[in-house]
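Q: final08.txt (compact mmCIF, C-alpha atoms and all ligand atoms) pasted underneath:
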```
# COMPACT_ATOMS: atom_id res chain seq x y z
CA MET A 1 45.10 -63.50 10.46
CA GLN A 2 48.06 -64.51 12.60
CA LEU A 3 51.25 -62.52 12.94
CA ARG A 4 54.41 -62.82 14.93
CA ARG A 5 54.05 -60.66 18.01
CA PRO A 6 54.91 -57.04 17.23
CA PHE A 7 58.00 -55.11 18.24
CA ASP A 8 57.32 -51.56 19.46
CA ALA A 9 60.45 -49.65 18.47
CA HIS A 10 59.59 -46.53 20.51
CA VAL A 11 57.57 -46.47 23.71
CA HIS A 12 57.41 -44.40 26.90
CA LEU A 13 56.75 -46.79 29.76
CA ARG A 14 57.36 -44.10 32.42
CA ASP A 15 58.06 -45.15 35.99
CA GLY A 16 56.40 -45.83 39.33
CA SER A 17 52.64 -46.43 39.34
CA MET A 18 52.32 -45.21 35.72
CA LEU A 19 54.82 -47.89 34.63
CA THR A 20 52.80 -50.50 36.49
CA ALA A 21 49.62 -49.29 34.80
CA VAL A 22 50.89 -49.03 31.20
CA ALA A 23 53.54 -51.75 30.78
CA PRO A 24 50.99 -54.59 30.63
CA HIS A 25 49.26 -52.81 27.73
CA THR A 26 52.43 -52.79 25.65
CA ALA A 27 53.16 -56.40 26.65
CA GLU A 28 49.63 -57.50 25.75
CA HIS A 29 50.31 -57.13 22.01
CA CYS A 30 54.07 -56.74 21.75
CA ALA A 31 56.80 -59.28 22.42
CA ALA A 32 59.40 -56.59 22.92
CA ALA A 33 59.84 -52.85 22.89
CA LEU A 34 62.50 -50.19 22.73
CA VAL A 35 61.93 -48.11 25.85
CA MET A 36 62.63 -44.39 25.80
CA PRO A 37 64.89 -42.96 28.52
CA ASN A 38 63.20 -39.58 29.22
CA LEU A 39 62.49 -40.30 32.86
CA VAL A 40 63.03 -37.79 35.65
CA PRO A 41 66.01 -38.06 36.07
CA PRO A 42 66.80 -39.56 32.65
CA VAL A 43 68.54 -42.88 31.98
CA THR A 44 72.14 -41.70 31.64
CA THR A 45 74.17 -44.39 33.42
CA ARG A 46 74.41 -48.16 33.39
CA ALA A 47 73.30 -48.28 37.02
CA ILE A 48 70.15 -46.26 36.31
CA ALA A 49 69.40 -48.47 33.29
CA GLN A 50 69.84 -51.69 35.27
CA ALA A 51 67.55 -50.47 38.04
CA TYR A 52 64.94 -49.33 35.50
CA GLN A 53 65.15 -52.67 33.67
CA ALA A 54 64.36 -54.40 36.97
CA ARG A 55 61.34 -52.14 37.62
CA ILE A 56 60.02 -52.85 34.11
CA ALA A 57 60.46 -56.58 34.72
CA ASP A 58 58.34 -56.24 37.88
CA ALA A 59 55.62 -54.37 35.98
CA ALA A 60 55.42 -56.52 32.83
CA PRO A 61 54.91 -60.25 32.19
CA ASP A 62 58.03 -62.45 32.12
CA ALA A 63 57.83 -63.06 28.36
CA PHE A 64 58.07 -59.34 27.58
CA GLN A 65 61.48 -58.08 26.56
CA ALA A 66 62.36 -54.44 27.29
CA LEU A 67 65.29 -53.06 25.32
CA LEU A 68 66.56 -49.87 26.87
CA THR A 69 68.09 -46.72 25.43
CA VAL A 70 70.54 -44.30 27.01
CA TYR A 71 69.72 -40.60 27.09
CA LEU A 72 72.50 -38.50 25.58
CA THR A 73 73.46 -35.35 27.46
CA ASP A 74 76.06 -32.69 26.68
CA GLY A 75 78.50 -34.13 29.18
CA ILE A 76 77.93 -37.87 28.79
CA ALA A 77 81.10 -39.98 28.53
CA ALA A 78 81.67 -42.08 25.40
CA ASP A 79 83.05 -44.89 27.60
CA GLU A 80 79.82 -45.22 29.58
CA VAL A 81 77.66 -45.16 26.43
CA VAL A 82 79.71 -47.85 24.71
CA ALA A 83 80.19 -49.98 27.85
CA GLY A 84 76.43 -50.11 28.40
CA PHE A 85 75.91 -51.17 24.77
CA VAL A 86 78.56 -53.87 24.90
CA ALA A 87 77.19 -55.21 28.21
CA GLY A 88 73.59 -55.20 26.93
CA ASP A 89 72.24 -52.57 29.36
CA TRP A 90 70.90 -50.69 26.33
CA VAL A 91 70.78 -51.27 22.58
CA ALA A 92 70.83 -47.67 21.32
CA ALA A 93 71.27 -44.07 22.40
CA LYS A 94 68.54 -41.45 22.19
CA LEU A 95 69.29 -37.93 21.09
CA TYR A 96 66.83 -35.28 22.25
CA PRO A 97 67.72 -31.78 21.17
CA ALA A 98 67.48 -29.85 24.47
CA HIS A 99 63.88 -28.71 25.13
CA ALA A 100 62.48 -30.39 22.00
CA THR A 101 59.81 -32.32 23.92
CA THR A 102 58.62 -33.77 27.25
CA ASN A 103 61.46 -34.20 29.77
CA SER A 104 64.17 -33.17 27.32
CA ALA A 105 65.66 -30.38 29.43
CA HIS A 106 68.80 -32.47 29.90
CA GLY A 107 69.05 -33.09 26.16
CA VAL A 108 71.85 -32.09 23.84
CA SER A 109 72.37 -28.38 23.19
CA ASP A 110 75.36 -28.78 20.85
CA ILE A 111 75.45 -31.88 18.67
CA GLN A 112 78.98 -31.08 17.50
CA GLY A 113 80.11 -31.35 21.11
CA LEU A 114 78.81 -34.91 21.10
CA LEU A 115 80.98 -36.01 18.16
CA PRO A 116 83.42 -38.13 20.23
CA VAL A 117 80.47 -40.09 21.65
CA LEU A 118 78.89 -40.54 18.22
CA GLU A 119 82.23 -41.65 16.74
CA ALA A 120 82.62 -44.24 19.48
CA MET A 121 79.08 -45.46 18.82
CA ALA A 122 79.72 -45.76 15.09
CA GLU A 123 82.84 -47.79 15.81
CA VAL A 124 80.94 -50.45 17.77
CA GLY A 125 77.84 -50.38 15.54
CA MET A 126 75.61 -48.83 18.20
CA PRO A 127 72.61 -47.08 16.62
CA LEU A 128 71.49 -43.51 17.33
CA CYS A 129 67.78 -42.83 17.77
CA VAL A 130 66.98 -39.23 16.95
CA HIS A 131 64.12 -36.97 17.96
CA GLY A 132 64.46 -35.08 14.70
CA GLU A 133 63.20 -31.58 15.33
CA VAL A 134 65.02 -28.28 15.63
CA THR A 135 64.13 -26.30 18.72
CA ASP A 136 64.64 -22.81 17.29
CA PRO A 137 61.38 -21.01 18.19
CA SER A 138 61.62 -18.94 15.03
CA VAL A 139 61.15 -22.07 12.89
CA ASP A 140 57.49 -22.87 12.21
CA ILE A 141 56.51 -25.86 14.34
CA PHE A 142 55.25 -27.76 11.29
CA ASP A 143 58.66 -27.35 9.60
CA ARG A 144 60.89 -28.36 12.51
CA GLU A 145 61.38 -31.95 11.42
CA ALA A 146 62.21 -31.13 7.80
CA VAL A 147 64.62 -28.37 8.90
CA PHE A 148 66.35 -30.72 11.36
CA LEU A 149 66.90 -33.37 8.69
CA LYS A 150 68.27 -30.86 6.21
CA THR A 151 70.43 -28.71 8.48
CA ILE A 152 71.50 -31.10 11.26
CA LEU A 153 71.12 -34.77 10.42
CA GLY A 154 72.21 -34.58 6.77
CA PRO A 155 75.55 -32.93 7.61
CA LEU A 156 76.01 -35.24 10.62
CA LEU A 157 75.67 -38.32 8.42
CA GLN A 158 78.40 -36.92 6.19
CA GLN A 159 80.67 -36.37 9.18
CA LEU A 160 80.03 -39.88 10.48
CA PRO A 161 79.87 -42.14 7.43
CA THR A 162 79.22 -45.37 9.33
CA LEU A 163 76.85 -44.22 12.10
CA ARG A 164 73.48 -46.03 11.97
CA VAL A 165 70.54 -43.74 12.69
CA ILE A 166 66.81 -44.12 13.32
CA VAL A 167 64.60 -41.13 12.60
CA GLU A 168 62.12 -41.65 15.42
CA HIS A 169 58.36 -41.07 14.95
CA ALA A 170 58.75 -39.68 11.41
CA THR A 171 55.89 -37.38 10.48
CA THR A 172 56.56 -35.84 7.06
CA ALA A 173 56.97 -36.67 3.39
CA ALA A 174 60.36 -34.95 3.74
CA ALA A 175 61.40 -37.54 6.35
CA VAL A 176 60.29 -40.39 4.10
CA ASP A 177 62.41 -38.99 1.24
CA PHE A 178 65.38 -38.40 3.53
CA VAL A 179 65.31 -41.92 4.98
CA GLN A 180 64.92 -43.52 1.57
CA HIS A 181 67.88 -41.52 0.34
CA HIS A 182 70.07 -42.91 3.15
CA ALA A 183 68.46 -46.33 3.30
CA ASP A 184 71.76 -48.17 3.67
CA ARG A 185 72.09 -46.98 7.28
CA VAL A 186 69.11 -44.85 8.22
CA ALA A 187 65.73 -46.22 9.31
CA MET A 188 62.49 -44.67 10.53
CA SER A 189 59.82 -45.60 13.01
CA ILE A 190 56.23 -44.51 12.44
CA THR A 191 53.44 -44.24 15.02
CA ALA A 192 49.87 -45.47 14.68
CA HIS A 193 48.52 -41.99 15.32
CA HIS A 194 50.59 -40.37 12.57
CA LEU A 195 49.31 -43.06 10.18
CA TRP A 196 45.73 -42.40 11.30
CA TRP A 197 45.39 -38.67 11.85
CA ASN A 198 46.45 -35.55 10.03
CA ARG A 199 46.68 -32.16 11.71
CA ASN A 200 42.97 -31.45 11.22
CA ALA A 201 42.47 -33.85 14.15
CA LEU A 202 43.93 -31.17 16.42
CA PHE A 203 41.04 -28.85 15.63
CA ASP A 204 38.17 -31.26 14.92
CA GLY A 205 35.17 -29.25 16.10
CA GLY A 206 37.29 -27.55 18.74
CA LEU A 207 40.73 -27.81 20.30
CA ARG A 208 41.70 -31.45 20.86
CA PRO A 209 44.50 -31.77 23.40
CA HIS A 210 44.52 -35.56 23.17
CA ALA A 211 45.67 -35.34 19.56
CA TYR A 212 48.62 -33.17 20.54
CA CYS A 213 51.98 -34.91 20.40
CA LEU A 214 55.49 -34.09 19.26
CA PRO A 215 56.40 -34.05 16.50
CA VAL A 216 53.00 -32.47 15.92
CA LEU A 217 50.59 -34.01 13.38
CA LYS A 218 51.18 -32.85 9.82
CA ARG A 219 49.28 -32.47 6.54
CA GLU A 220 47.26 -35.16 4.81
CA THR A 221 49.92 -35.39 2.08
CA ASP A 222 52.47 -36.18 4.80
CA ARG A 223 50.21 -38.83 6.33
CA GLU A 224 49.79 -40.40 2.89
CA ALA A 225 53.57 -40.51 2.42
CA LEU A 226 53.92 -42.23 5.82
CA VAL A 227 51.29 -44.80 4.84
CA ARG A 228 53.11 -45.50 1.58
CA ALA A 229 56.40 -45.94 3.45
CA ALA A 230 54.92 -48.16 6.17
CA THR A 231 53.05 -50.37 3.73
CA SER A 232 55.96 -50.66 1.29
CA GLY A 233 57.56 -53.54 3.17
CA ALA A 234 60.92 -51.71 3.13
CA ALA A 235 63.25 -53.17 5.75
CA ASN A 236 64.18 -49.79 7.23
CA VAL A 237 60.60 -48.75 8.09
CA PHE A 238 58.99 -50.09 11.24
CA PHE A 239 56.38 -49.68 13.96
CA GLY A 240 57.12 -47.49 16.96
CA THR A 241 54.03 -46.36 18.85
CA ASP A 242 55.55 -43.42 20.72
CA SER A 243 52.82 -44.28 23.21
CA ALA A 244 53.28 -41.50 25.76
CA PRO A 245 50.79 -41.47 28.64
CA HIS A 246 49.94 -38.24 30.40
CA LEU A 247 47.19 -37.78 32.98
CA ILE A 248 44.06 -36.22 31.50
CA GLY A 249 44.46 -33.29 33.87
CA ARG A 250 47.89 -32.56 32.43
CA LYS A 251 46.56 -32.52 28.86
CA GLU A 252 43.30 -30.66 29.35
CA THR A 253 44.88 -27.52 30.71
CA ASP A 254 46.30 -24.16 29.69
CA CYS A 255 49.66 -25.62 28.62
CA GLY A 256 48.95 -29.27 27.94
CA CYS A 257 51.58 -31.99 27.65
CA ALA A 258 52.49 -33.54 24.30
CA GLY A 259 51.88 -37.26 23.93
CA VAL A 260 49.30 -39.80 22.77
CA PHE A 261 48.73 -42.97 24.81
CA SER A 262 48.17 -45.57 22.11
CA SER A 263 49.46 -48.92 23.30
CA PRO A 264 46.00 -50.51 23.75
CA THR A 265 44.81 -49.57 20.23
CA ALA A 266 47.94 -49.07 18.10
CA VAL A 267 48.19 -52.58 16.61
CA ALA A 268 44.51 -52.67 15.63
CA THR A 269 44.80 -49.19 14.11
CA VAL A 270 47.86 -50.11 12.05
CA ALA A 271 46.02 -53.21 10.77
CA GLU A 272 43.13 -50.96 9.70
CA VAL A 273 45.52 -48.59 7.92
CA PHE A 274 47.16 -51.49 6.06
CA ASP A 275 43.75 -52.93 5.19
CA ASN A 276 42.64 -49.57 3.78
CA ALA A 277 45.81 -49.52 1.67
CA ASN A 278 45.33 -53.13 0.50
CA ALA A 279 48.70 -53.92 2.02
CA LEU A 280 48.00 -56.53 4.69
CA ALA A 281 50.70 -58.69 3.07
CA HIS A 282 53.29 -56.27 4.50
CA LEU A 283 51.73 -55.85 7.93
CA GLU A 284 53.93 -58.41 9.67
CA ALA A 285 57.10 -56.89 8.20
CA PHE A 286 56.18 -53.46 9.56
CA LEU A 287 54.88 -54.57 12.97
CA SER A 288 57.02 -57.56 13.85
CA LEU A 289 60.02 -58.21 11.59
CA ASN A 290 61.75 -55.03 10.45
CA GLY A 291 62.18 -53.44 13.89
CA PRO A 292 63.88 -56.40 15.60
CA ALA A 293 66.03 -57.05 12.53
CA TRP A 294 67.26 -53.46 12.58
CA TYR A 295 68.24 -53.79 16.24
CA GLY A 296 69.90 -57.19 15.70
CA GLN A 297 67.15 -59.03 17.61
CA LYS A 298 65.29 -62.18 16.65
CA PRO A 299 61.62 -61.73 15.74
CA SER A 300 59.19 -63.21 18.24
CA GLU A 301 58.24 -66.88 17.86
CA ASP A 302 54.88 -66.14 19.48
CA ARG A 303 51.82 -64.94 17.63
CA ILE A 304 48.89 -62.56 17.90
CA THR A 305 45.64 -63.01 16.02
CA LEU A 306 43.83 -60.20 14.23
CA ARG A 307 40.15 -60.70 13.50
CA LYS A 308 37.93 -58.42 11.47
CA GLN A 309 35.50 -57.82 14.29
CA PRO A 310 34.29 -54.34 15.14
CA THR A 311 35.27 -53.53 18.71
CA THR A 312 34.72 -50.41 20.78
CA ALA A 313 37.97 -49.16 22.30
CA ALA A 314 37.93 -48.28 25.99
CA ALA A 315 37.99 -44.51 26.46
CA GLU A 316 40.42 -44.30 29.36
CA LEU A 317 42.93 -46.23 31.39
CA ALA A 318 42.55 -45.82 35.14
CA THR A 319 45.86 -45.40 36.97
CA PRO A 320 46.49 -44.72 40.66
CA GLU A 321 47.45 -41.16 39.69
CA GLY A 322 44.30 -40.59 37.63
CA PRO A 323 42.86 -41.48 34.23
CA VAL A 324 44.74 -41.42 30.90
CA ARG A 325 42.88 -41.01 27.62
CA ILE A 326 43.40 -43.85 25.11
CA PHE A 327 44.06 -43.15 21.42
CA ARG A 328 40.77 -43.72 19.55
CA GLY A 329 39.07 -44.41 22.87
CA GLY A 330 35.31 -44.83 22.44
CA GLU A 331 35.67 -45.35 18.69
CA THR A 332 34.96 -48.54 16.78
CA LEU A 333 38.10 -50.37 15.72
CA ARG A 334 37.72 -52.65 12.72
CA TYR A 335 40.11 -55.29 14.07
CA ALA A 336 40.19 -57.16 17.35
CA VAL A 337 43.61 -58.33 18.54
CA SER A 338 43.98 -61.41 20.69
CA ALA A 339 47.03 -62.64 22.48
CA GLU A 340 47.64 -65.89 20.57
C1 LIG B 401 56.80 -37.84 24.48
C2 LIG B 401 56.62 -37.96 25.99
O1 LIG B 401 55.55 -37.55 26.48
O2 LIG B 401 57.49 -38.48 26.67
N1 LIG B 401 55.78 -37.00 23.93
C3 LIG B 401 55.37 -36.99 22.65
O3 LIG B 401 54.55 -36.13 22.30
N2 LIG B 401 55.78 -37.87 21.78
C4 LIG B 401 58.17 -37.36 24.20
C5 LIG B 401 58.59 -37.57 22.76
O4 LIG B 401 58.80 -38.68 22.32
O5 LIG B 401 58.73 -36.56 22.05
ZN ZN B 402 58.62 -40.54 22.14
```
For this file, produce the structure as structure tokens.
Ligand code: NCD
Ligand code: ZN
A:
Amino acid sequence: MQLRRPFDAHVHLRDGSMLTAVAPHTAEHCAAALVMPNLVPPVTTRAIAQAYQARIADAAPDAFQALLTVYLTDGIAADEVVAGFVAGDWVAAKLYPAHATTNSAHGVSDIQGLLPVLEAMAEVGMPLCVHGEVTDPSVDIFDREAVFLKTILGPLLQQLPTLRVIVEHATTAAAVDFVQHHADRVAMSITAHHLWWNRNALFDGGLRPHAYCLPVLKRETDREALVRAATSGAANVFFGTDSAPHLIGRKETDCGCAGVFSSPTAVATVAEVFDNANALAHLEAFLSLNGPAWYGQKPSEDRITLRKQPTTAAAELATPEGPVRIFRGGETLRYAVSAE
């Protein structure tokens, strides 16, 4: 089966030697990707974005297109956010509630304080990518996405009736319902690992740090709702791996990092999920068409080929800093993906 090359609508390419190690794995299957800005320090200015874009270009093949995002902070100026969008330095802004996840310490502590920025974005049609979880430690971690949508994003959409929003890495049936309800201007990205695993994977025979990501895996009923949404063909539902490499030593430790490194195996896994759901007819829409269309980009003219050919996934990626575990590493994947 041939498909247009996928668009990864949410990836962490990191920086330095990790960028050099992981970028080729996104570029191997994907024509383009929306690159998250949670570097240290984060991507908050046009100058930082331009320099990062150049480092990505050095690390990835020429044909690969990196679309950047700007990291919203409490003090960020609306002018800078909009100027970077108009000039093409970035295509969207990313909202991390402060301390919600990896490298989000500079994130937004008061979304109401950000209203002038969000109003300016709405005016120029610049989309807002949201890490949709509340950070209140008294809220159960499995409920943080649903509570965010109900108490923060719902009211915000009412305040800003034209703002376009992407619920990033959606993980719950509640998110699917929410996005469908606002389908005229709200979209969602879904990862391969949330389509593949439910939260039992975190405790499969013992504690599994490599299945730990944020938002955390949810129930089987949530996974099933995500599969229904992804395979529906709906234009506002698309692939975003949230591939987030961390060194094995930083995951297998007392306080392990959140993140699943999936770029080598995500496309094959999604194909397997769609096959299981008898929905291969909608695979190209999810992987390769809906994401670019949402961001006003053309779909790729190049193709990948998927063959039903059992393949053992490599267990780890070696990087100069140390090894990174690969999602489904060592397992048999039903599909093999080749570059043309
Ligand atoms: C991401 C990371 O490591 O940068 N981790 C994750 O579990 N998804 C951050 C994020 O997207 O939340
Ligand atoms: Zn992410």
Q: Go ahead and compute the interatomic distance for atom CA of Arg144 of chain A and atom CA of His12 of chain A, in Å to one decimal.
A: 21.8 Å
Q: Would you list the contacts of Tyr212 of chain A as a PDB file with C-alpha atoms, keeping the file's coordinate frame, taking every protein, DNA or RNA residue within 7 Å and counting all atoms listed in the file, but skipping same-chain residues closer than 2 positions in sequence?
A:
```pdb
ATOM      1  CA  LEU A 202      43.930 -31.170  16.420  1.00  0.00           C
ATOM      2  CA  PRO A 209      44.500 -31.770  23.400  1.00  0.00           C
ATOM      3  CA  HIS A 210      44.520 -35.560  23.170  1.00  0.00           C
ATOM      4  CA  VAL A 216      53.000 -32.470  15.920  1.00  0.00           C
ATOM      5  CA  ALA A 258      52.490 -33.540  24.300  1.00  0.00           C
ATOM      6  CA  GLY A 259      51.880 -37.260  23.930  1.00  0.00           C
TER       7      GLY A 259
END
```
Q: Between atom CA of Val147 of chain A and atom CA of Val270 of chain A, what is the spacing in Å?
A: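 Those two atoms sit 27.6 Å apart.
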Q: Around ligand ZN 402 (chain B), out to 9 Å and counting all atoms listed in the file, which residues are there? I want them as a list in words.
A: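 Going residue by residue within 9 Å of ligand ZN 402 (chain B), we get His10, Val11, His12, Met36, Asn38, Thr101, Thr102, His131, Glu168, His169, Cys213, Leu214, Pro215, Gly240, Thr241, Asp242, Ser243, Ala244 and Gly259 of chain A.
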Q: Enclose segment 128-144 of chain A, meaning all of its atoms listed in the file, in a box aligned along x, y and z, pad it by 8 Å on each side, and list the centre and edge lengths in Å to one decimal, as JSON.
A:
```
{"center_x": 63.4, "center_y": -31.2, "center_z": 14.2, "size_x": 32.2, "size_y": 40.6, "size_z": 25.1}
```
Q: To one decimal place in Å, what is the distance between atom CA of Glu119 of chain A and atom CA of Leu72 of chain A?
A: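 A separation of 13.5 Å between them.
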Q: Compare A:Leu280, A:Val40, A:Val260, A:Met1 by their minimum atom-to-atom distance to Pro245 of chain A, counting all atoms listed in the file, and give me the closest one.
A: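 Among A:Leu280, A:Val40, A:Val260, A:Met1, it is A:Val260 that comes nearest to Pro245 of chain A.
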Q: Using all atoms listed in the file, which protein or nucleic acid residues come within 12 Å of Ile152 of chain A? Drop anything in the same chain fewer than 3 positions from it, and give the result as a ChimeraX atom specification.
A: /A:97,110-112,130-135,144-149,155-159
Q: If we count all atoms listed in the file and set the cut-off at 9 Å, which residues sit around Pro61 of chain A, ignoring sequence neighbours fewer than 6 positions away in its own chain? Please answer as a list in words.
A: Ala23, Pro24, Ala27 and Glu28 of chain A
Q: Need the shell around segment 317-334 of chain A: protein/DNA/RNA residues with any atom at most 6 Å away, counting all atoms listed in the file. Skip same-chain ones fewer than 6 positions apart. Format as a ChimeraX atom specification?
A: /A:21,247-248,261-262,308-311
Q: Would you list the contacts of Val227 of chain A as a list in words, taking every protein, DNA or RNA residue within 9 Å and counting only C-alpha atoms, but skipping same-chain residues closer than 4 positions in sequence?
A: His194, Leu195, Trp196, Asp222, Arg223, Thr231, Ser232, Val273, Phe274 and Ala277 of chain A
Q: Which is closer to ligand LIG 401 (chain B) than all the others in A:His246, A:Lys251, A:Lys298, A:Arg55, using only C-alpha atoms and all ligand atoms?
A: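 Looking at the shortest contact to ligand LIG 401 (chain B), the residue is A:His246.
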Q: Considering all atoms listed in the file, can you say which of A:Ala230, A:Ala59, A:Ala281, A:Cys129 comes closest to ligand LIG 401 (chain B)?
A: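 Distance minimum relative to ligand LIG 401 (chain B) lands on A:Cys129.
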